[in-house]
Number of protein chains: 2
Amino acid sequence: MRAVAAATGEPSEARERVLDVAEALFAERGLARVTMREIADAAGMRQASLYHHAPGGKAQLYREVFERMIAHHRVGLERALAGAGSRLRPRLRAVADWYVGQAPMNFLRMMTSDMPALGDAEAAALAGPAYASLMQPITEVFRGAMAVGEARELDPDLLAGSLLAILDAVAFAEGRGYGEHDQRAMAHTMIDVLVYGLAVVDARPT
Amino acid sequence: MRAVAAATGEPSEARERVLDVAEALFAERGLARVTMREIADAAGMRQASLYHHAPGGKAQLYREVFERMIAHHRVGLERALAGAGSRLRPRLRAVADWYVGQAPMNFLRMMTSDMPALGDAEAAALAGPAYASLMQPITEVFRGAMAVGEARELDPDLLAGSLLAILDAVAFAEGRGYGEHDQRAMAHTMIDVLVYGLAVVDARPT
DNA sequence: GTCTATACACCGATAGAC
DNA sequence: GTCTATCGGTGTATAGAC
């Protein structure tokens, strides 16, 4: 018996193209400000033809694209961290370099704007994988640093969320005269501040 | 001769109500996901009646509400800072306490999602006041700390933007089981990290 | 698999009575 | 100042020919 993927569209070259252009557009402008016509135009077909490759409609297409993107980030983050040694600073820099090198995903905007538009059920279903792919690898970095006394004991989720927010803010500087090189430098600057601020030392400024 | 405000609607109690509910809805869901009918319902009138108080339409209404909100933040920030002494940490805490105490404004989402939807001209016109009200008071805090040797010499805009992003991330935790008290604690934790990380000391972890 | 054509819903905005 | 009624535009989705 053959495998069937009718619910999400058969795999094909055209379908891959649809997912690729949809991902780029959704990441750039968000769910609400991308139309199916734009996706179809970018994929080189008519709007109605999209529904052959994405029978579930726009929301389902967004969901597929979202899951693909965070899986991509998970692989990239883990690969970057695998070659980054064991110290806190180079590991955080590896995270930042990966993130800055990717197309801006505007994580906070996705969470505050796109997710609620999909409804509570859909949003809840996507929150778990998103956390596992984007947050969890970073929380592990902080947890590891705490375990070896390289960082004070603070909430790893708070630290990871803050780092992601900072990287979003740095990425926001893009298209405002700041290239990838500048973004990397800004991210490294803020990482230095975090690493110094997390260090376990005796004397603290009051 | 009497003052005329025809372009933006006459001042009145009903008009204030419209601006108030519009501000709350725009801040919660963003420009694209709020309809004029929702605003009208919340204000207790029909959709068409909105245009008596907001003749400029939705985009103009958003602009007015946006300018009102950032002016409100400017006043609140400066008042909070006026009673916060001269040291870096209490001043940043004053900023955070003010921000956390206000309705979440999702600054990054507004900048990445709402502003582009208004068009380049409108976005550029709003960017200046937004910077002056939200960013500039915070950059001054960091600049002051650098001037007295309480913080290392880093880009004040980068630091202010990062702090705002962190506060957005902390506010995002709202509605997820975290109350205002928890948000304040999280913000203070991150501010401690920043203050320690910015301190001018001799020994640094490698 | 892609197309044309179109149904259907929603939204912003205007006209004009009261 | 608020209403009803409606227009025009846009966006998603479906039907069905090829």
# chains A, B, ... in the order shown; residues from 1 in each chain; ligands from 1
>>> residues_around(residues="Gly101 in chain B", least_positions_apart="6", cutoff="10 Å", atoms="only C-alpha atoms (C1' of nucleotides)", output="ChimeraX atom specification")
/B:171,180-181,183-184
>>> write_last_selection(atoms="N, CA and C atoms", output="compact mmCIF listing (two decimals), in the first residue's frame")
# COMPACT_ATOMS: atom_id res chain seq x y z
N ALA B 171 6.68 40.91 29.43
CA ALA B 171 5.25 41.17 29.35
C ALA B 171 4.54 40.06 28.60
N GLU B 180 1.55 40.47 37.55
CA GLU B 180 2.41 41.65 37.49
C GLU B 180 3.58 41.53 38.45
N HIS B 181 3.32 40.88 39.60
CA HIS B 181 4.40 40.71 40.58
C HIS B 181 5.54 39.88 40.01
N GLN B 183 6.23 39.42 36.85
CA GLN B 183 6.89 40.15 35.77
C GLN B 183 7.90 41.13 36.33
N ARG B 184 7.51 41.79 37.41
CA ARG B 184 8.42 42.75 38.02
C ARG B 184 9.68 42.04 38.50
>>> residues_around(residues="Ala59 in chain A", least_positions_apart="2", cutoff="10 Å", atoms="only C-alpha atoms (C1' of nucleotides)", output="list of chain:residue names")
A:Leu31, A:Ala54, A:Gly56, A:Gly57, A:Leu61, A:Tyr62, A:Arg63, A:Glu64, A:Val65, A:Asp114, A:Ala117, A:Leu118, A:Gly119, A:Glu122
>>> write_last_selection(atoms="N, CA and C atoms", output="PDB file, in the first residue's frame")
ATOM      1  N   LEU A  31       1.552  36.542   9.378  1.00  0.00           N
ATOM      2  CA  LEU A  31       0.392  35.843   8.808  1.00  0.00           C
ATOM      3  C   LEU A  31      -0.619  36.788   8.189  1.00  0.00           C
ATOM      4  N   ALA A  54      -1.792  22.812  -1.050  1.00  0.00           N
ATOM      5  CA  ALA A  54      -2.090  23.121   0.350  1.00  0.00           C
ATOM      6  C   ALA A  54      -3.599  23.079   0.556  1.00  0.00           C
ATOM      7  N   GLY A  56      -5.390  22.382   2.907  1.00  0.00           N
ATOM      8  CA  GLY A  56      -5.895  22.823   4.207  1.00  0.00           C
ATOM      9  C   GLY A  56      -6.099  24.311   4.320  1.00  0.00           C
ATOM     10  N   GLY A  57      -5.736  25.043   3.274  1.00  0.00           N
ATOM     11  CA  GLY A  57      -5.924  26.481   3.306  1.00  0.00           C
ATOM     12  C   GLY A  57      -4.784  27.226   3.960  1.00  0.00           C
ATOM     13  N   LEU A  61      -1.386  25.972   5.933  1.00  0.00           N
ATOM     14  CA  LEU A  61      -0.119  26.249   5.261  1.00  0.00           C
ATOM     15  C   LEU A  61       0.846  26.946   6.213  1.00  0.00           C
ATOM     16  N   TYR A  62       0.315  27.892   6.956  1.00  0.00           N
ATOM     17  CA  TYR A  62       1.162  28.589   7.928  1.00  0.00           C
ATOM     18  C   TYR A  62       1.705  27.605   8.958  1.00  0.00           C
ATOM     19  N   ARG A  63       0.845  26.724   9.417  1.00  0.00           N
ATOM     20  CA  ARG A  63       1.265  25.756  10.419  1.00  0.00           C
ATOM     21  C   ARG A  63       2.389  24.863   9.904  1.00  0.00           C
ATOM     22  N   GLU A  64       2.237  24.379   8.672  1.00  0.00           N
ATOM     23  CA  GLU A  64       3.298  23.536   8.094  1.00  0.00           C
ATOM     24  C   GLU A  64       4.605  24.292   7.983  1.00  0.00           C
ATOM     25  N   VAL A  65       4.504  25.506   7.469  1.00  0.00           N
ATOM     26  CA  VAL A  65       5.688  26.327   7.264  1.00  0.00           C
ATOM     27  C   VAL A  65       6.366  26.641   8.602  1.00  0.00           C
ATOM     28  N   ASP A 114       0.800  36.323  15.194  1.00  0.00           N
ATOM     29  CA  ASP A 114       0.360  35.245  14.313  1.00  0.00           C
ATOM     30  C   ASP A 114      -0.347  34.140  15.083  1.00  0.00           C
ATOM     31  N   ALA A 117      -3.968  34.589  16.121  1.00  0.00           N
ATOM     32  CA  ALA A 117      -4.887  34.619  14.979  1.00  0.00           C
ATOM     33  C   ALA A 117      -5.279  33.220  14.539  1.00  0.00           C
ATOM     34  N   LEU A 118      -4.515  32.220  14.928  1.00  0.00           N
ATOM     35  CA  LEU A 118      -4.820  30.844  14.524  1.00  0.00           C
ATOM     36  C   LEU A 118      -5.816  30.187  15.459  1.00  0.00           C
ATOM     37  N   GLY A 119      -6.141  30.843  16.537  1.00  0.00           N
ATOM     38  CA  GLY A 119      -7.039  30.246  17.518  1.00  0.00           C
ATOM     39  C   GLY A 119      -6.280  29.538  18.604  1.00  0.00           C
ATOM     40  N   GLU A 122      -4.935  25.720  17.878  1.00  0.00           N
ATOM     41  CA  GLU A 122      -3.781  25.697  16.976  1.00  0.00           C
ATOM     42  C   GLU A 122      -2.546  26.275  17.662  1.00  0.00           C
TER      43      GLU A 122
END
>>> interface_residues(of="chain C", to="chain B", cutoff="9 Å", atoms="only C-alpha atoms (C1' of nucleotides)", output="VMD selection string")
chain C and resid 11 to 14
>>> interface_residues(of="chain A", to="chain B", cutoff="10 Å", atoms="only C-alpha atoms", output="MDAnalysis selection string")
chainID A and resid 28:33 87:89 106:114 116:117 150 152 154:155 158:159 161:170 172:173 186:187 189:201 203:206
>>> interface_residues(of="chain D", to="chain A", cutoff="10 Å", atoms="only C-alpha atoms (C1' of nucleotides)", output="PyMOL selection string")
chain D and resi 11-14
>>> select_by_dssp(residues="range 60-203 of chain A", states="alpha helix (DSSP H)", output="number ranges by chain")
A: 60-82, 88-101, 107-109, 115-117, 120-130, 136-147, 156-172, 180-198
>>> atom_distance(atom1="CA of Leu126 in chain B", atom2="CA of Thr8 in chain B")
16.4 Å
>>> residues_around(residues="Gln136 in chain B", least_positions_apart="3", cutoff="12 Å", atoms="only C-alpha atoms (C1' of nucleotides)", output="list in words")
Ile70, His73, Arg74, Leu77, Glu78, Gly128, Pro129, Ala130, Tyr131, Ala132, Ser133, Thr139, Glu140, Val141, Phe142, Arg143, Pro156, Asp157, Leu158, Leu159, Ala160, Gly161 and Leu164 of chain B
